[in-house]
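Participant: Quick one: the structure is below, questions incoming.
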Amino acid sequence: MAGNTVYVQGSYVDVHDNEVVNLSIEKATVKVGENGTAVGESEAGAEEGEQPVPEALRGEQAKRIVERLVGAGLLNQAWQPVGLSRPQAAIVADCVAEQLQIRNKWKTFEQLWHRNNLRNDYNTALSECGYYDDFRKKVMRIIR
């Protein structure tokens, strides 16, 4: 399928704000990570409409955390997950929110990552204790 272009347009209802949000993706490539999950990389820069990093993730402590997560290969510089399953990404969001004391963690990361139902992904991780417990400990070691 290399070289194929897919254009995506549509809308969804934002469950937090109960409003219809239009969705349009341009100039994106999709990579499939080792664990079979798709990882999107936007070719557009922030000046072309990339989602800005929320205020809660802009402080000095947040910068140190993202540098550590980038160094570990879990996030990119724009705070986007790299090669993580949805439950793994939810664990990263929870750990970061805990360290930065972010009050609306799910909404913050859902907007940043253009994902819905991160809380459900986190619940999935909690229900599969062994693997995700170890992953959570790894993430906490990285960001502390």
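Residues in the structure tokens are named by chain (A, B, ... in the order shown) and by number from 1 within that chain; ligands are numbered from 1 in the order shown.
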As a list in words, please: the residues near Thr124 in chain A (cut-off 10 Å, only C-alpha atoms, same-chain neighbours under 6 positions excluded).
Facilitator: Arg86, Pro87, Gln88, Ala90, Leu118 and Tyr132 of chain A
Participant: Which is closer to Lys63 in chain A than all the others in A:Pro81, A:Ile143, A:Asn117, A:Ser127, using only C-alpha atoms?
Facilitator: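 Closest to Lys63 in chain A, using only C-alpha atoms: A:Ile143.
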Participant: To one decimal place, how far is CA of Pro52 in chain A from CA of Ile102 in chain A in Å?
Facilitator: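 So the answer is 16.7 Å.
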Participant: Please list as a list of chain:residue names every residue within 12 Å of Arg141 in chain A, counting only C-alpha atoms and excluding residues in the same chain fewer than 6 positions away.
Facilitator: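 Near Arg141 in chain A, the qualifying residues are A:Ile65, A:Arg68, A:Leu69, A:Ala72, A:Val92, A:Cys95, A:Val96, A:Gln99, A:Asp134, A:Phe135.
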Participant: Atoms to include: C-alpha atoms. Write the selected residues as a compact mmCIF listing (two decimals), in the first residue's frame.
Facilitator:
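Result saved to out_38.txt:
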# COMPACT_ATOMS: atom_id res chain seq x y z
CA ILE A 65 9.48 15.01 31.42
CA ARG A 68 12.99 11.95 29.15
CA LEU A 69 10.04 10.33 27.36
CA ALA A 72 13.10 6.62 25.97
CA VAL A 92 1.83 7.55 29.94
CA CYS A 95 1.80 9.12 34.87
CA VAL A 96 2.57 12.53 33.36
CA GLN A 99 3.68 14.19 38.13
CA ASP A 134 5.46 -3.21 34.71
CA PHE A 135 5.00 -0.62 31.96
